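Here is the structure we will look at, set down as structure tokens.
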Amino acid sequence: MPTEPFEFPTLPVEAVRAGTTLLVTASGRLGSRVARELALGGGHDDGIIYISTNNSGRMLAEECQSSYPDLDFSEFGIIDATGRADTETATGARVESVSNSADLTGISIKNSILTTHLQKNGIDRIRSCFDSLSMLLLYTNFKTITRFVHTMDGRIAATDGLGLFVLDPSMHDPQVKYTLQNICDGVIDVRNEEAGPELRVEGLPNQSRSWQSLDL
Amino acid sequence: MGVTVVLIVDRDEQTRLRTARFIRERLEDVSVLTANSLATARDAVENQTVDVVVTGYTLGDGNGLELADYVRKTSPGTGCILYTDSESVDTDSFEDVVVEFVGKESPDAAETLAALIEQAGVELTQASYPVPEAERERLEAADQFLTIRAEIVPVGERLAGLAVDHFDASAAAVTVISRDRQEIVAGEGELTVPTVREQSLATHTIVSETGVMAVGDTQADPRFADTEKIHDAGIRSYLGATIETRDGHAVGTLSVYDDEVREFSEADRNYIRELAGVIPETLALRERGDRYAH
């Protein structure tokens, strides 16, 4: 199994060991932008599975093609969890869909199917981005979300992957973030300041705990 | 470390036996059971503690998601892995079951299955509630704690009584959190406290950073708002503190329940923490007394 750490050369985040899960928290769309950079940025060779609750599969693939022109779409899998089943794309990304955002069993199964697809393409390191838990929480109860994050965390640990879970804490009771960060290995908090966005990493070794500015 | 019990369910005998043999050879400290149908698998889960269920999708008298749904309801701490060559799994009626999935056709399918069994069995990674670090060791400590239940009851009842009086609450209890259950060791008051772990408030208390958890309104807290057992029992507010072993494992709680929304102060939190600390102190004193007596 691969054990090389995952690196993020475009962000002020030190490399993390394989099998790590991170809760990425920010208000509004900022969390999605940072999580997307953690998953797609830096020109790495890892496979990517992106679970999208906001943009349809086609829209996400096209956005990523525009923002990351060097991205190899044969290494990119998308789960369209919007319920729109908008999966046709000329980018080359493989897009799966579930019938609605409450189908967490379906998302879990499609995630495994995309993992197999990427493995058959010779990829054995995968960055999974769940964007976002806040949207999933609108459609299902907190116990089910907790089970879902636990299950995905277990898979990522067992397969030496990287997991990114996006949460907008301003949409939820503080206990939601507290419980989910208890399951994940670390937290990346992101905020918007006058000078621009900043992030800090908590819960992981070898990381600066102070706020650091970032370019997006 | 205890033995991980794995149930392999597949209607095809060859597949069932091959998977069981691989798991026995690949993993240490496992006990492997087999079943060939939904009905026999249900019986197995009902009759003993199973840590992980590995099931095919089509079972003849039902399917793997029906089994997972049953397992979630009867044994919430058990991990479920769908191990099948079919990608056409109908999740429509099972959206909130959430299972792991391993396609038999995937590269390294058997190795992935083994790694997931280790994760799900050892760390309870499919739970619908937060799980403390080193959960296996904590569960062993909780089992140990329950073996001296008779000695804890008198002091537990006294503490529960003191807590009810002090907080003018509806009920209080000394509880132990085992794999799937909240065991009520001693109590005072009228409320019927949930005995299933995933429905209990205390399972969240044992992962709190401070060792104390206060819930002013269970209906407004997202962790408990959907838990009918809590509301049916009339539990509207809660204050609990962990009972820790010498090794630092939070085996249970001293919990206070009330039927009204209320606020808890810092002094309230300190008081419940002090009361909960009496149990390990009493056990330590008893242990020292035993040493001197011999």
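Convention: chains lettered A, B, ... in structure tokens order; per-chain residue numbering from 1; ligands numbered from 1 as shown.
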
**OP:** Would you mind listing what lies within 12 Å of Asp165 of chain B as number ranges by chain, with only C-alpha atoms counted and same-chain residues fewer than 5 positions away left out?
**Re:** B: 158-160, 170-172, 188-189, 256-258

Residues as selected, C-alpha atoms, written as a PDB file, in the first residue's frame, can you do that?
```pdb
ATOM      1  CA  ARG B 158     -26.177   7.452  46.991  1.00  0.00           C
ATOM      2  CA  LEU B 159     -24.561   9.693  44.362  1.00  0.00           C
ATOM      3  CA  ALA B 160     -27.631   9.598  42.124  1.00  0.00           C
ATOM      4  CA  SER B 170     -36.274  14.346  37.654  1.00  0.00           C
ATOM      5  CA  ALA B 171     -33.716  11.544  37.743  1.00  0.00           C
ATOM      6  CA  ALA B 172     -30.044  10.640  37.911  1.00  0.00           C
ATOM      7  CA  GLU B 188     -32.791   7.568  41.366  1.00  0.00           C
ATOM      8  CA  GLY B 189     -35.997   9.058  39.991  1.00  0.00           C
ATOM      9  CA  VAL B 256     -28.725  13.945  35.615  1.00  0.00           C
ATOM     10  CA  TYR B 257     -31.986  14.228  33.659  1.00  0.00           C
ATOM     11  CA  ASP B 258     -34.782  16.756  33.897  1.00  0.00           C
TER      12      ASP B 258
END
```

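Using only C-alpha atoms, the chain B residues found within 6 Å of chain A amount to B:Thr91, B:Glu95, B:Asp96, B:Val97, B:Val98, B:Phe101, B:Ser106, B:Ala115, B:Leu116, B:Gln119, B:Thr125, B:Gln126, B:Ala127, B:Ser128.
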
At a cut-off of 9 Å, using only C-alpha atoms, what residues contact Gly196 of chain A? Leave out same-chain residues fewer than 5 positions from it and give the result as a compact mmCIF listing (two decimals) with N, CA and C atoms, in the first residue's frame.
```
# COMPACT_ATOMS: atom_id res chain seq x y z
N ARG A 191 -11.16 31.50 7.11
CA ARG A 191 -11.96 32.72 7.35
C ARG A 191 -11.57 33.79 6.34
N SER A 213 -2.23 33.51 5.70
CA SER A 213 -2.96 33.97 4.52
C SER A 213 -2.75 33.00 3.35
N LEU A 214 -3.68 33.00 2.43
CA LEU A 214 -3.57 32.11 1.28
C LEU A 214 -4.09 32.79 0.02
N ASP A 215 -3.58 32.35 -1.11
CA ASP A 215 -4.05 32.84 -2.40
C ASP A 215 -4.95 31.79 -3.03
```

**OP:** Using DSSP on the backbone, list every residue of segment 45-244 of chain B that comes out as helix (DSSP H, G or I), and give them as a PyMOL selection string.
**Re:** chain B and resi 45-47+64-74+109-123+135-147+149-167+197-199+202-205+228-232

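Look at segment 21-23 of chain B: the protein and nucleic acid residues within 8 Å of it, using only C-alpha atoms and passing over chain neighbours fewer than 4 places away, are B:Leu17, B:Leu27, B:Val30, B:Val32, B:Ala110, B:Ala114.
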
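For the pair atom CA of Ala20 of chain B and atom CA of Asp61 of chain B, the separation is 21.2 Å.
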
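Restricting the calculation to only C-alpha atoms, the smallest distance between Gly161 of chain A and any of A:Met135, A:Ile126, A:Ile79, A:Ala93 is found for A:Ile126.
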
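Comparing A:Leu199, A:Thr53, A:Gly163, A:Asp80 by their smallest distance to Cys184 of chain A, the closest is A:Gly163 (using only C-alpha atoms).
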
Just want the 7 Å neighbourhood of segment 246-253 of chain B, counted on only C-alpha atoms, with same-chain residues fewer than 6 positions away dropped. Output as an mmCIF file with N, CA and C atoms, in the first residue's frame.
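Result file is around-v9.cif:
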```
data_model
loop_
_atom_site.group_PDB
_atom_site.id
_atom_site.type_symbol
_atom_site.label_atom_id
_atom_site.label_comp_id
_atom_site.auth_asym_id
_atom_site.auth_seq_id
_atom_site.Cartn_x
_atom_site.Cartn_y
_atom_site.Cartn_z
ATOM 1 N N ARG B 138 -11.248 0.624 25.859
ATOM 2 C CA ARG B 138 -12.272 1.209 26.737
ATOM 3 C C ARG B 138 -13.390 0.219 27.002
ATOM 4 N N ALA B 141 -12.347 -2.226 29.515
ATOM 5 C CA ALA B 141 -12.391 -1.608 30.852
ATOM 6 C C ALA B 141 -13.841 -1.521 31.347
ATOM 7 N N ALA B 142 -14.774 -1.231 30.424
ATOM 8 C CA ALA B 142 -16.193 -1.139 30.805
ATOM 9 C C ALA B 142 -16.714 -2.513 31.247
ATOM 10 N N VAL B 174 -26.138 6.252 37.372
ATOM 11 C CA VAL B 174 -24.770 5.861 37.058
ATOM 12 C C VAL B 174 -24.877 4.874 35.907
ATOM 13 N N THR B 175 -24.250 5.209 34.768
ATOM 14 C CA THR B 175 -24.393 4.359 33.585
ATOM 15 C C THR B 175 -23.019 3.893 33.106
ATOM 16 N N VAL B 176 -23.022 2.743 32.455
ATOM 17 C CA VAL B 176 -21.805 2.243 31.815
ATOM 18 C C VAL B 176 -22.105 2.081 30.324
ATOM 19 N N ILE B 177 -21.205 2.578 29.475
ATOM 20 C CA ILE B 177 -21.418 2.511 28.027
ATOM 21 C C ILE B 177 -20.663 1.306 27.474
ATOM 22 N N ALA B 202 -25.314 9.841 27.183
ATOM 23 C CA ALA B 202 -24.008 9.601 27.809
ATOM 24 C C ALA B 202 -22.936 9.185 26.797
ATOM 25 N N ILE B 206 -18.988 10.740 27.017
ATOM 26 C CA ILE B 206 -17.686 10.069 27.175
ATOM 27 C C ILE B 206 -16.656 10.513 26.126
ATOM 28 N N GLY B 240 -24.092 15.571 32.507
ATOM 29 C CA GLY B 240 -23.396 14.318 32.823
ATOM 30 C C GLY B 240 -21.898 14.517 32.913
#
```

Original post:
Skipping near chain neighbours, those fewer than 3 positions away, what residues fall within 9 Å of Ala35 of chain A using only C-alpha atoms, listed as a count of residues only?
Top reply: 13

Original post:
Do you know which residues are at most 6 Å from segment 260-267 of chain B counting only C-alpha atoms, after dropping those on the same chain fewer than 3 positions away, and could you put them as a list in words?
Top reply: Gly216, Asp217, Arg236, Ser237 and Asn270 of chain B

Can those selected residues be exported to a file as a PDB file, in the first residue's frame so that it contains C-alpha atoms?
```
ATOM      1  CA  GLY B 216     -30.049  22.623  27.960  1.00  0.00           C
ATOM      2  CA  ASP B 217     -32.746  21.474  25.528  1.00  0.00           C
ATOM      3  CA  ARG B 236     -35.647  17.677  28.102  1.00  0.00           C
ATOM      4  CA  SER B 237     -32.324  18.611  29.696  1.00  0.00           C
ATOM      5  CA  ASN B 270     -17.937  21.320  38.564  1.00  0.00           C
TER       6      ASN B 270
END
```

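Here atom CA of Glu244 of chain B stands at a distance of 25.5 Å from atom CA of Asp221 of chain B.
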